[in-house]
Amino acid sequence: MFRLPVSKMVSRLSVVASRIMGPDDANIVGNVHGGTILKMIEEAGCIIGTRHCNTQTGDRCVAALARVERTDFLYPMFIGEVAHVSAEITYTSKHSVEVQVNVLSENILTGAKKVTNKATLWYVPLSLRNVDKIIEVPPIEYTSTELEEMGKKRYEAQKLERMETKERNGEVITPVSLPEPYTVGFSQSSLIHLIGPSDCTLHGFVHGGVTMKLMDEVAGIVAARHCKTNIVTASVDAINFHRKIKKGCVITISGRMTFTSNKSMEIEVFVDADPLVEAEKGKYRAVTAFFTYISLDKENKPLPVPPLKLEGEDEQKRFEEGKARYLQNKAKRLADKEQKQ
Amino acid sequence: MFRLPVSKMVSRLSVVASRIMGPDDANIVGNVHGGTILKMIEEAGCIIGTRHCNTQTGDRCVAALARVERTDFLYPMFIGEVAHVSAEITYTSKHSVEVQVNVLSENILTGAKKVTNKATLWYVPLSLRNVDKIIEVPPIEYTSTELEEMGKKRYEAQKLERMETKERNGEVITPVSLPEPYTVGFSQSSLIHLIGPSDCTLHGFVHGGVTMKLMDEVAGIVAARHCKTNIVTASVDAINFHRKIKKGCVITISGRMTFTSNKSMEIEVFVDADPLVEAEKGKYRAVTAFFTYISLDKENKPLPVPPLKLEGEDEQKRFEEGKARYLQNKAKRLADKEQKQ
Amino acid sequence: MFRLPVSKMVSRLSVVASRIMGPDDANIVGNVHGGTILKMIEEAGCIIGTRHCNTQTGDRCVAALARVERTDFLYPMFIGEVAHVSAEITYTSKHSVEVQVNVLSENILTGAKKVTNKATLWYVPLSLRNVDKIIEVPPIEYTSTELEEMGKKRYEAQKLERMETKERNGEVITPVSLPEPYTVGFSQSSLIHLIGPSDCTLHGFVHGGVTMKLMDEVAGIVAARHCKTNIVTASVDAINFHRKIKKGCVITISGRMTFTSNKSMEIEVFVDADPLVEAEKGKYRAVTAFFTYISLDKENKPLPVPPLKLEGEDEQKRFEEGKARYLQNKAKRLADKEQKQ
């Protein structure tokens with residue numbers, strides 16, 4: 001009676017997930033949070049990565065998120081739309097898996113469909129027996145040597161970048177007393193979250209997607225405080241997950257604005273883990289990332305953003321760095337556009 | 001770079017959704033709740049049904065579930081497995097859509113896969129403009145006349161059964177003599193909640209905050225039943241947590257109104273724990289508390305509250321005690337105010 | 001009383017958390033539930049208490065909530081506002097910690113801020129190794145002896161009150177004559193649920209899947225109460241959804257056991273909707289269904305089920321009807337099996 005064959009439902013190298021966006025997935029004007037989408041993307045990546053790395057004999061393992069490449073949110077998604085997430089393995093190194101994920105929004109009332117996101121994630125398989133052991137990844141087959149070589153280039157490039165960011169992680173956000181509007185201190189925000197069982201993998205470590213969702217929540221509060229309008233995630237810079245976060249930890253997620261252009265805001269987000277019960281281990285910086293937000297009017301058109309008021313040399317320096325990232329991304333987008341034409 | 005074509009991701013007549021089963025989806029020994037699976041099945045059915053019924057001009061609509069055929073759970077599913085749900089439209093009548101759904105469990109560590117459920121659901125498209133209007137369903141094409149005729153038979157069979165059950169639905173479970181409005185019995189309410197992993201601390205005992213949230217929920221329903229308006233929590237009396245509540249317990253939270261002043265209602269709330277599996281321990285009273293609610297109009301101004309109708313000495317006694325607490329708090333508030341001036 | 005300066009935000013003795021209030025945190029007119037705020041308060045208290053009690057060598061522990069002092073809700077909070085919860089340790093006795101919590105609402109669009117709650121919570125550190133062991137609390141330092149003495153007074157006052165309430169807790173809300181094990185009355189259960197935005201379709205009516213999940217939850221509790229073992233859903237009879245259920249309704253879901261075979265239990269589930277605010281519409285029966293459950297041992301093999309003790313003609317009649325359904329389904333399964341061979 002039922003004709004969709006099992007083999008088609010579960011292909012080894014791809015995963016598809018569909019879900020209706022509900023009120024909890026969105027802000028009060030109905031725009032789906034970038035964090036909701038990042039969480040869905042990561043879940044699909046974790047399924048396909050874990051499945052692939054267990055297609056060999058030896059230790060059972062779970063794929064842990066190691067890095068997400070820069071991700072652009074091309075169009076806003078709305079409550080009532082269906083998000084379709086599809087993931088595919090596109091490269092494997094000895095110890096890591098590259099997953100490419102596509103997100104499509106579908107308005108099931110009008111039939112309109114849009115590709116809203118494309119993301120690239122890197123996973124590392126950790127043994128279930130010994131969570132500090134990285135196991136070997138079974139190689140995939142490429143349809144052409146060209147594809148394989150392009151994958152290798154992406155792998156080398158991200159490896160280099162991961163090394164660099166490891167250093168930057170030291171900095172701490174210091175609170176300010178009664179800040180003036182439009183300053184960094186004014187919109188600065190933080191939240192704490194106690195890691196519960198439903199945030200975790202089978203290992204008892206936090207899903208990367210859960211962390212990213214909370215990071216986007218803080219970044220969104222910072223952006224809304226700054227410009228007092230409806231704001232949406234426009235992009236997320238590459239995020240590296242250097243250290244695992246365990247069940248029972250409290251994580252503090254802090255965000256501060258680093259840069260504003262005419263129509264965008266860059267927010268730096270820090271995730272600090274505090275192993276409450278094993279206090280001797282001490283707090284540590286687990287993740288950092290840059291989120292870019294834009295402000296939208298009622299017709300979902302971008303609004304001008306009030307410029308950030310800088311105080312002191314540190315803020316000035318971070319602003320210049322943010323500007324450099326902004327100009328670099330702009331240049332890259334233009335180059336990509338020209339290449340396509 | 002990304003090669004999965006959009007057309008493959010969103011076929012008009014089928015939907016696939018995949019999700020990892022987490023601790024909240026299962027009971028304490030790790031078996032996924034049947035209800036979790038039924039909810040995923042229905043979500044896939046609603047997506048595909050709504051999509052199909054909007055593939056024509058005219059009113060936009062949402063597919064509302066009208067009937068689910070008998071469903072067997074062939075194998076248990078476990079935490080950590082991936083549930084793949086695929087849905088397909090298999091028959092359309094003038095005003096209804098038949099959706100067939102398959103659920104497959106996949107252990108991504110071992111690669112083992114099992115069909116755990118097959119379900120058949122009937123949806124009816126309701127207009128978004130006028131929710132009482134059922135719109136016409138666009139017909140699907142069948143690959144053979146045999147398939148169409150088999151579908152028609154299923155349609156006729158379920159139509160007959162639906163008629164029959166409509167009558168049986170009249171019966172009420174406990175034929176209570178309906179209590180009079182504004183009495184204690186009229187608004188009295190209770191709910192049960194099965195303590196899941198995300199309700200608990202690292203010890204496996206319920207967070208006090210989870211209990212308080214449920215207590216407020218019951219108190220709010222009691223208050224709303226009494227005065228049929230928008231109500232909000234005004235205060236909570238001191239709460240003592242004498243006994244811990246363990247994961248896997250069922251808790252019963254009951255509330256009854258004890259006192260009304262001109263503009264407030266006092267509700268007593270009881271929490272009773274029932275350690276289902278360790279039955280020898282027996283039920284016990286874990287917490288009690290008094291919540292005070294007020295009723296608000298559209299401008300958030302307090303409204304008068306209908307007085308509580310008392311029946312019997314016990315209710316009279318509790319009312320007097322509530323009044324004493326009310327007067328004591330009022331006196332304390334006044335004293336605090338004067339001290340500040 | 002509450003003195004937390006902003007500069008102390010990441011100190012060992014204080015915790016600050018911020019969260020945007022979403023639709024599920026509030027009622028249908030947008031007022032945030034008191035219970036949502038109580039839950040946030042307690043989470044902050046648990047974090048700071050647990051952190052403090054682990055700043056010494058010896059047993060690791062979790063701070064368990066022992067008491068909440070009377071709490072007033074000074075102003076309503078609304079969807080879209082940010083709730084800032086800050087917690088500080090203000091007193092420690094040998095075995096308990098006093099935490100003071102402040103809740104501030106911020107309208108991030110207008111910048112308006114209001115203190116909406118102040119709460120005082122008492123925690124007791126329980127050892128992770130032996131949950132019945134209360135460990136000693138490391139003392140805090142006070143900025144003045146006056147502060148310490150005031151804390152001691154609060155400690156003594158609450159200790160006295162806790163003793164008193166311990167006795168009062170004996171009372172039971174409806175002094176039912178306890179039904180005998182294995183009777184219908186013994187396992188009969190019901191729960192109430194307030195329909196929130198994320199339970200609903202775009203129309204504002206409940207998703208069938210949400211209703212079915214709650215029905216399965218009640219049926220599962222009935223089954224577990226009857227046989228006190230691990231139980232799983234084996235099948236669900238056809239369910240007809242005759243009447244829609246609207247956002248803002250309270251639904252009562254009740255379940256009673258109707259039939260037991262050697263290895264299965266049949267539970268009848270009723271869903272009654274009560275449109276709280278539109279009271280003139282009255283309660284109505286929305287859905288009914290039969291769920292079949294089986295009991296499993298540790299190897300997931302079916303266990304024998306204790307037979308249902310019947311009382312009265314009605315229960316006898318329902319048992320016979322259940323038996324007829326059971327035999328009919330068994331015959332159907334056999335017929336299907338033969339057809340396949």
# chains A, B, ... in the order shown; residues from 1 in each chain; ligands from 1
>>> interface_residues(of="chain B", to="chain A", cutoff="9 Å", atoms="only C-alpha atoms", output="ChimeraX atom specification")
/B:1-4,6,9-10,14-20,22-24,43-44,47-48,50-55,60-62,79-80,82,84-88,90,100-102,104,106-111,115,118,147,197-202
>>> select_by_dssp(residues="segment 73-283 of chain B", states="strand (DSSP E)", output="PyMOL selection string")
chain B and resi 73+82-92+97-106+113-127+189-194+230-236+239-240+250-260+265-274
>>> write_last_selection(atoms="C-alpha atoms", output="mmCIF file, in the first residue's frame")
data_model
loop_
_atom_site.group_PDB
_atom_site.id
_atom_site.type_symbol
_atom_site.label_atom_id
_atom_site.label_comp_id
_atom_site.auth_asym_id
_atom_site.auth_seq_id
_atom_site.Cartn_x
_atom_site.Cartn_y
_atom_site.Cartn_z
ATOM 1 C CA PHE B 73 3.415 0.243 17.235
ATOM 2 C CA VAL B 82 16.729 8.737 14.604
ATOM 3 C CA ALA B 83 13.039 8.669 13.694
ATOM 4 C CA HIS B 84 12.362 9.084 9.989
ATOM 5 C CA VAL B 85 8.784 9.979 9.176
ATOM 6 C CA SER B 86 7.611 9.939 5.565
ATOM 7 C CA ALA B 87 4.152 10.933 4.425
ATOM 8 C CA GLU B 88 2.359 10.525 1.125
ATOM 9 C CA ILE B 89 -1.102 11.456 -0.161
ATOM 10 C CA THR B 90 -2.869 8.261 -1.206
ATOM 11 C CA TYR B 91 -6.480 9.301 -1.797
ATOM 12 C CA THR B 92 -8.595 12.416 -2.188
ATOM 13 C CA VAL B 97 -7.384 13.887 1.926
ATOM 14 C CA GLU B 98 -5.992 10.500 2.944
ATOM 15 C CA VAL B 99 -2.336 10.576 4.051
ATOM 16 C CA GLN B 100 -0.278 7.467 4.659
ATOM 17 C CA VAL B 101 2.664 7.792 6.990
ATOM 18 C CA ASN B 102 5.580 5.421 7.575
ATOM 19 C CA VAL B 103 7.888 5.684 10.572
ATOM 20 C CA LEU B 104 11.327 4.128 10.453
ATOM 21 C CA SER B 105 13.734 3.984 13.370
ATOM 22 C CA GLU B 106 17.444 4.064 12.607
ATOM 23 C CA LYS B 113 16.687 0.106 10.725
ATOM 24 C CA LYS B 114 13.112 -0.943 11.491
ATOM 25 C CA VAL B 115 9.676 0.127 10.305
ATOM 26 C CA THR B 116 8.035 0.906 13.652
ATOM 27 C CA ASN B 117 4.688 2.384 12.561
ATOM 28 C CA LYS B 118 2.328 2.796 9.663
ATOM 29 C CA ALA B 119 -0.531 5.205 10.006
ATOM 30 C CA THR B 120 -3.406 6.460 7.893
ATOM 31 C CA LEU B 121 -4.797 9.929 8.563
ATOM 32 C CA TRP B 122 -7.750 11.828 7.086
ATOM 33 C CA TYR B 123 -7.584 15.608 6.765
ATOM 34 C CA VAL B 124 -10.243 18.173 5.887
ATOM 35 C CA PRO B 125 -9.194 21.588 4.473
ATOM 36 C CA LEU B 126 -10.660 24.512 6.454
ATOM 37 C CA SER B 127 -10.640 27.997 4.949
ATOM 38 C CA SER B 189 -8.928 21.748 39.166
ATOM 39 C CA SER B 190 -6.096 19.268 39.079
ATOM 40 C CA LEU B 191 -3.456 18.067 36.694
ATOM 41 C CA ILE B 192 -1.031 15.192 36.583
ATOM 42 C CA HIS B 193 2.508 15.405 35.271
ATOM 43 C CA LEU B 194 5.018 12.627 34.697
ATOM 44 C CA ASN B 230 -7.838 37.645 32.169
ATOM 45 C CA ILE B 231 -6.115 36.793 35.431
ATOM 46 C CA VAL B 232 -2.537 37.245 36.688
ATOM 47 C CA THR B 233 -0.557 36.056 39.714
ATOM 48 C CA ALA B 234 -0.386 38.799 42.363
ATOM 49 C CA SER B 235 1.569 36.960 45.044
ATOM 50 C CA VAL B 236 2.639 33.588 46.381
ATOM 51 C CA ILE B 239 6.283 27.655 50.147
ATOM 52 C CA ASN B 240 8.130 24.893 51.983
ATOM 53 C CA VAL B 250 3.674 11.134 38.679
ATOM 54 C CA ILE B 251 2.701 14.313 40.473
ATOM 55 C CA THR B 252 -0.874 15.438 40.962
ATOM 56 C CA ILE B 253 -1.292 19.170 41.412
ATOM 57 C CA SER B 254 -4.696 20.227 42.734
ATOM 58 C CA GLY B 255 -6.032 23.689 43.419
ATOM 59 C CA ARG B 256 -9.152 25.023 45.122
ATOM 60 C CA MET B 257 -10.266 28.545 45.862
ATOM 61 C CA THR B 258 -10.254 29.384 49.566
ATOM 62 C CA PHE B 259 -10.978 33.105 49.746
ATOM 63 C CA THR B 260 -12.078 36.082 47.661
ATOM 64 C CA MET B 265 -8.715 35.411 44.893
ATOM 65 C CA GLU B 266 -6.710 33.081 47.108
ATOM 66 C CA ILE B 267 -6.109 29.569 45.773
ATOM 67 C CA GLU B 268 -4.652 26.711 47.806
ATOM 68 C CA VAL B 269 -2.469 24.349 45.789
ATOM 69 C CA PHE B 270 -1.391 20.819 46.764
ATOM 70 C CA VAL B 271 1.315 18.707 45.169
ATOM 71 C CA ASP B 272 1.100 14.958 45.702
ATOM 72 C CA ALA B 273 3.799 12.614 44.468
ATOM 73 C CA ASP B 274 3.155 9.035 43.405
#
>>> residues_around(residues="Met163 of chain C", least_positions_apart="6", cutoff="12 Å", atoms="only C-alpha atoms", output="ChimeraX atom specification")
/B:240-242 /C:67,156-157,169
>>> write_last_selection(atoms="C-alpha atoms", output="tab-separated table (two decimals), in the first residue's frame")
chain	number	residue	atom	x	y	z
B	240	ASN	CA	8.13	24.89	51.98
B	241	PHE	CA	9.57	21.94	50.13
B	242	HIS	CA	9.55	19.24	52.77
C	67	ARG	CA	11.73	27.23	50.98
C	156	GLU	CA	15.41	31.76	62.63
C	157	ALA	CA	12.02	33.11	61.54
C	169	ASN	CA	0.61	19.31	55.15
>>> atom_distance(atom1="atom CA of Met212 of chain C", atom2="atom CA of Val29 of chain C")
26.2 Å
>>> select_by_dssp(residues="segment 54-275 of chain C", states="helix (DSSP H, G or I)", output="number ranges by chain")
C: 145-168, 184-187, 197-199, 208-227
>>> residues_around(residues="Thr36 of chain C", least_positions_apart="2", cutoff="9 Å", atoms="only C-alpha atoms", output="VMD selection string")
(chain B and resid 209 212 to 213 216) or (chain C and resid 25 to 26 32 to 34 38 to 41)
>>> write_last_selection(atoms="N, CA, C and O atoms", output="PDB file, in the first residue's frame")
ATOM      1  N   GLY B 209      11.700  24.962  40.868  1.00  0.00           N
ATOM      2  CA  GLY B 209      11.102  25.901  39.925  1.00  0.00           C
ATOM      3  C   GLY B 209      10.088  25.236  39.009  1.00  0.00           C
ATOM      4  O   GLY B 209       9.085  25.841  38.622  1.00  0.00           O
ATOM      5  N   MET B 212       6.939  24.798  41.058  1.00  0.00           N
ATOM      6  CA  MET B 212       6.239  26.074  41.231  1.00  0.00           C
ATOM      7  C   MET B 212       5.524  26.511  39.961  1.00  0.00           C
ATOM      8  O   MET B 212       4.433  27.057  39.998  1.00  0.00           O
ATOM      9  N   LYS B 213       6.141  26.245  38.812  1.00  0.00           N
ATOM     10  CA  LYS B 213       5.517  26.619  37.539  1.00  0.00           C
ATOM     11  C   LYS B 213       4.208  25.850  37.339  1.00  0.00           C
ATOM     12  O   LYS B 213       3.197  26.418  36.929  1.00  0.00           O
ATOM     13  N   ASP B 216       1.531  27.184  39.713  1.00  0.00           N
ATOM     14  CA  ASP B 216       0.959  28.436  39.216  1.00  0.00           C
ATOM     15  C   ASP B 216      -0.011  28.156  38.074  1.00  0.00           C
ATOM     16  O   ASP B 216      -1.017  28.846  37.924  1.00  0.00           O
TER      17      ASP B 216
ATOM     18  N   ASP C  25       5.451  31.653  27.185  1.00  0.00           N
ATOM     19  CA  ASP C  25       5.650  32.116  28.550  1.00  0.00           C
ATOM     20  C   ASP C  25       4.450  32.894  29.060  1.00  0.00           C
ATOM     21  O   ASP C  25       4.424  33.298  30.220  1.00  0.00           O
ATOM     22  N   ALA C  26       3.465  33.123  28.219  1.00  0.00           N
ATOM     23  CA  ALA C  26       2.397  34.059  28.571  1.00  0.00           C
ATOM     24  C   ALA C  26       1.020  33.501  28.265  1.00  0.00           C
ATOM     25  O   ALA C  26       0.878  32.481  27.601  1.00  0.00           O
ATOM     26  N   VAL C  32       2.821  37.608  30.979  1.00  0.00           N
ATOM     27  CA  VAL C  32       3.700  36.477  31.308  1.00  0.00           C
ATOM     28  C   VAL C  32       3.175  35.770  32.561  1.00  0.00           C
ATOM     29  O   VAL C  32       2.793  36.415  33.542  1.00  0.00           O
ATOM     30  N   HIS C  33       3.119  34.426  32.520  1.00  0.00           N
ATOM     31  CA  HIS C  33       2.681  33.623  33.658  1.00  0.00           C
ATOM     32  C   HIS C  33       3.595  33.840  34.861  1.00  0.00           C
ATOM     33  O   HIS C  33       4.826  33.830  34.703  1.00  0.00           O
ATOM     34  N   GLY C  34       3.008  33.978  36.033  1.00  0.00           N
ATOM     35  CA  GLY C  34       3.801  34.033  37.256  1.00  0.00           C
ATOM     36  C   GLY C  34       4.718  32.820  37.368  1.00  0.00           C
ATOM     37  O   GLY C  34       5.854  32.916  37.827  1.00  0.00           O
ATOM     38  N   LEU C  38       8.667  32.465  38.363  1.00  0.00           N
ATOM     39  CA  LEU C  38       9.103  31.661  39.503  1.00  0.00           C
ATOM     40  C   LEU C  38      10.151  30.642  39.074  1.00  0.00           C
ATOM     41  O   LEU C  38      11.126  30.387  39.771  1.00  0.00           O
ATOM     42  N   LYS C  39       9.964  30.072  37.897  1.00  0.00           N
ATOM     43  CA  LYS C  39      10.910  29.068  37.406  1.00  0.00           C
ATOM     44  C   LYS C  39      12.275  29.693  37.121  1.00  0.00           C
ATOM     45  O   LYS C  39      13.317  29.118  37.441  1.00  0.00           O
ATOM     46  N   MET C  40      12.279  30.886  36.521  1.00  0.00           N
ATOM     47  CA  MET C  40      13.545  31.577  36.249  1.00  0.00           C
ATOM     48  C   MET C  40      14.248  31.947  37.552  1.00  0.00           C
ATOM     49  O   MET C  40      15.469  31.829  37.667  1.00  0.00           O
ATOM     50  N   ILE C  41      13.472  32.429  38.516  1.00  0.00           N
ATOM     51  CA  ILE C  41      14.015  32.801  39.826  1.00  0.00           C
ATOM     52  C   ILE C  41      14.714  31.597  40.450  1.00  0.00           C
ATOM     53  O   ILE C  41      15.834  31.675  40.941  1.00  0.00           O
TER      54      ILE C  41
END
>>> decode(residues="segment 137-161 of chain B", atoms="N, CA, C and O atoms", output="PDB file, in the first residue's frame")
ATOM      1  N   VAL B 137     -11.152  19.761  -2.347  1.00  0.00           N
ATOM      2  CA  VAL B 137      -9.788  19.231  -2.434  1.00  0.00           C
ATOM      3  C   VAL B 137      -9.432  18.985  -3.903  1.00  0.00           C
ATOM      4  O   VAL B 137     -10.206  18.334  -4.603  1.00  0.00           O
ATOM      5  N   PRO B 138      -8.290  19.494  -4.381  1.00  0.00           N
ATOM      6  CA  PRO B 138      -7.892  19.166  -5.753  1.00  0.00           C
ATOM      7  C   PRO B 138      -7.597  17.664  -5.870  1.00  0.00           C
ATOM      8  O   PRO B 138      -6.933  17.113  -5.001  1.00  0.00           O
ATOM      9  N   PRO B 139      -8.121  16.997  -6.907  1.00  0.00           N
ATOM     10  CA  PRO B 139      -7.926  15.540  -7.025  1.00  0.00           C
ATOM     11  C   PRO B 139      -6.465  15.187  -7.348  1.00  0.00           C
ATOM     12  O   PRO B 139      -5.771  15.953  -7.996  1.00  0.00           O
ATOM     13  N   ILE B 140      -6.004  14.042  -6.833  1.00  0.00           N
ATOM     14  CA  ILE B 140      -4.672  13.564  -7.233  1.00  0.00           C
ATOM     15  C   ILE B 140      -4.823  12.600  -8.414  1.00  0.00           C
ATOM     16  O   ILE B 140      -5.932  12.142  -8.721  1.00  0.00           O
ATOM     17  N   GLU B 141      -3.724  12.299  -9.066  1.00  0.00           N
ATOM     18  CA  GLU B 141      -3.767  11.304 -10.139  1.00  0.00           C
ATOM     19  C   GLU B 141      -3.292   9.966  -9.584  1.00  0.00           C
ATOM     20  O   GLU B 141      -2.342   9.918  -8.811  1.00  0.00           O
ATOM     21  N   TYR B 142      -3.966   8.900  -9.999  1.00  0.00           N
ATOM     22  CA  TYR B 142      -3.602   7.572  -9.500  1.00  0.00           C
ATOM     23  C   TYR B 142      -2.821   6.839 -10.568  1.00  0.00           C
ATOM     24  O   TYR B 142      -3.102   6.999 -11.762  1.00  0.00           O
ATOM     25  N   THR B 143      -1.854   6.012 -10.160  1.00  0.00           N
ATOM     26  CA  THR B 143      -1.078   5.270 -11.150  1.00  0.00           C
ATOM     27  C   THR B 143      -1.887   4.119 -11.758  1.00  0.00           C
ATOM     28  O   THR B 143      -1.550   3.620 -12.822  1.00  0.00           O
ATOM     29  N   SER B 144      -2.985   3.719 -11.083  1.00  0.00           N
ATOM     30  CA  SER B 144      -3.863   2.710 -11.681  1.00  0.00           C
ATOM     31  C   SER B 144      -5.283   2.903 -11.149  1.00  0.00           C
ATOM     32  O   SER B 144      -5.465   3.444 -10.054  1.00  0.00           O
ATOM     33  N   THR B 145      -6.290   2.462 -11.892  1.00  0.00           N
ATOM     34  CA  THR B 145      -7.677   2.585 -11.421  1.00  0.00           C
ATOM     35  C   THR B 145      -7.903   1.710 -10.196  1.00  0.00           C
ATOM     36  O   THR B 145      -8.723   2.019  -9.346  1.00  0.00           O
ATOM     37  N   GLU B 146      -7.155   0.632 -10.105  1.00  0.00           N
ATOM     38  CA  GLU B 146      -7.273  -0.255  -8.945  1.00  0.00           C
ATOM     39  C   GLU B 146      -6.965   0.502  -7.658  1.00  0.00           C
ATOM     40  O   GLU B 146      -7.696   0.416  -6.681  1.00  0.00           O
ATOM     41  N   LEU B 147      -5.855   1.260  -7.679  1.00  0.00           N
ATOM     42  CA  LEU B 147      -5.449   2.046  -6.507  1.00  0.00           C
ATOM     43  C   LEU B 147      -6.547   3.042  -6.128  1.00  0.00           C
ATOM     44  O   LEU B 147      -6.854   3.236  -4.957  1.00  0.00           O
ATOM     45  N   GLU B 148      -7.131   3.674  -7.135  1.00  0.00           N
ATOM     46  CA  GLU B 148      -8.179   4.647  -6.873  1.00  0.00           C
ATOM     47  C   GLU B 148      -9.384   3.978  -6.213  1.00  0.00           C
ATOM     48  O   GLU B 148      -9.942   4.487  -5.240  1.00  0.00           O
ATOM     49  N   GLU B 149      -9.743   2.799  -6.730  1.00  0.00           N
ATOM     50  CA  GLU B 149     -10.916   2.105  -6.172  1.00  0.00           C
ATOM     51  C   GLU B 149     -10.670   1.620  -4.736  1.00  0.00           C
ATOM     52  O   GLU B 149     -11.563   1.687  -3.897  1.00  0.00           O
ATOM     53  N   MET B 150      -9.450   1.148  -4.488  1.00  0.00           N
ATOM     54  CA  MET B 150      -9.125   0.735  -3.114  1.00  0.00           C
ATOM     55  C   MET B 150      -9.210   1.926  -2.163  1.00  0.00           C
ATOM     56  O   MET B 150      -9.706   1.821  -1.037  1.00  0.00           O
ATOM     57  N   GLY B 151      -8.745   3.081  -2.634  1.00  0.00           N
ATOM     58  CA  GLY B 151      -8.835   4.305  -1.836  1.00  0.00           C
ATOM     59  C   GLY B 151     -10.281   4.660  -1.542  1.00  0.00           C
ATOM     60  O   GLY B 151     -10.635   5.003  -0.407  1.00  0.00           O
ATOM     61  N   LYS B 152     -11.122   4.548  -2.556  1.00  0.00           N
ATOM     62  CA  LYS B 152     -12.539   4.884  -2.397  1.00  0.00           C
ATOM     63  C   LYS B 152     -13.186   3.985  -1.348  1.00  0.00           C
ATOM     64  O   LYS B 152     -13.985   4.441  -0.529  1.00  0.00           O
ATOM     65  N   LYS B 153     -12.822   2.700  -1.366  1.00  0.00           N
ATOM     66  CA  LYS B 153     -13.358   1.763  -0.368  1.00  0.00           C
ATOM     67  C   LYS B 153     -12.952   2.189   1.039  1.00  0.00           C
ATOM     68  O   LYS B 153     -13.761   2.173   1.966  1.00  0.00           O
ATOM     69  N   ARG B 154     -11.657   2.547   1.214  1.00  0.00           N
ATOM     70  CA  ARG B 154     -11.199   3.000   2.535  1.00  0.00           C
ATOM     71  C   ARG B 154     -11.964   4.251   2.967  1.00  0.00           C
ATOM     72  O   ARG B 154     -12.343   4.402   4.121  1.00  0.00           O
ATOM     73  N   TYR B 155     -12.199   5.134   1.970  1.00  0.00           N
ATOM     74  CA  TYR B 155     -12.920   6.361   2.281  1.00  0.00           C
ATOM     75  C   TYR B 155     -14.338   6.060   2.781  1.00  0.00           C
ATOM     76  O   TYR B 155     -14.786   6.583   3.797  1.00  0.00           O
ATOM     77  N   GLU B 156     -15.038   5.171   2.074  1.00  0.00           N
ATOM     78  CA  GLU B 156     -16.420   4.855   2.452  1.00  0.00           C
ATOM     79  C   GLU B 156     -16.462   4.185   3.834  1.00  0.00           C
ATOM     80  O   GLU B 156     -17.321   4.483   4.664  1.00  0.00           O
ATOM     81  N   ALA B 157     -15.505   3.289   4.058  1.00  0.00           N
ATOM     82  CA  ALA B 157     -15.470   2.550   5.329  1.00  0.00           C
ATOM     83  C   ALA B 157     -15.302   3.499   6.510  1.00  0.00           C
ATOM     84  O   ALA B 157     -16.002   3.394   7.523  1.00  0.00           O
ATOM     85  N   GLN B 158     -14.365   4.462   6.392  1.00  0.00           N
ATOM     86  CA  GLN B 158     -14.102   5.353   7.528  1.00  0.00           C
ATOM     87  C   GLN B 158     -15.270   6.311   7.739  1.00  0.00           C
ATOM     88  O   GLN B 158     -15.578   6.686   8.863  1.00  0.00           O
ATOM     89  N   LYS B 159     -15.934   6.686   6.624  1.00  0.00           N
ATOM     90  CA  LYS B 159     -17.066   7.613   6.714  1.00  0.00           C
ATOM     91  C   LYS B 159     -18.159   6.997   7.592  1.00  0.00           C
ATOM     92  O   LYS B 159     -18.732   7.655   8.464  1.00  0.00           O
ATOM     93  N   LEU B 160     -18.396   5.718   7.343  1.00  0.00           N
ATOM     94  CA  LEU B 160     -19.411   4.981   8.097  1.00  0.00           C
ATOM     95  C   LEU B 160     -19.048   4.953   9.582  1.00  0.00           C
ATOM     96  O   LEU B 160     -19.866   5.262  10.450  1.00  0.00           O
ATOM     97  N   GLU B 161     -17.790   4.610   9.859  1.00  0.00           N
ATOM     98  CA  GLU B 161     -17.339   4.508  11.256  1.00  0.00           C
ATOM     99  C   GLU B 161     -17.425   5.837  11.977  1.00  0.00           C
ATOM    100  O   GLU B 161     -17.741   5.893  13.163  1.00  0.00           O
TER     101      GLU B 161
END
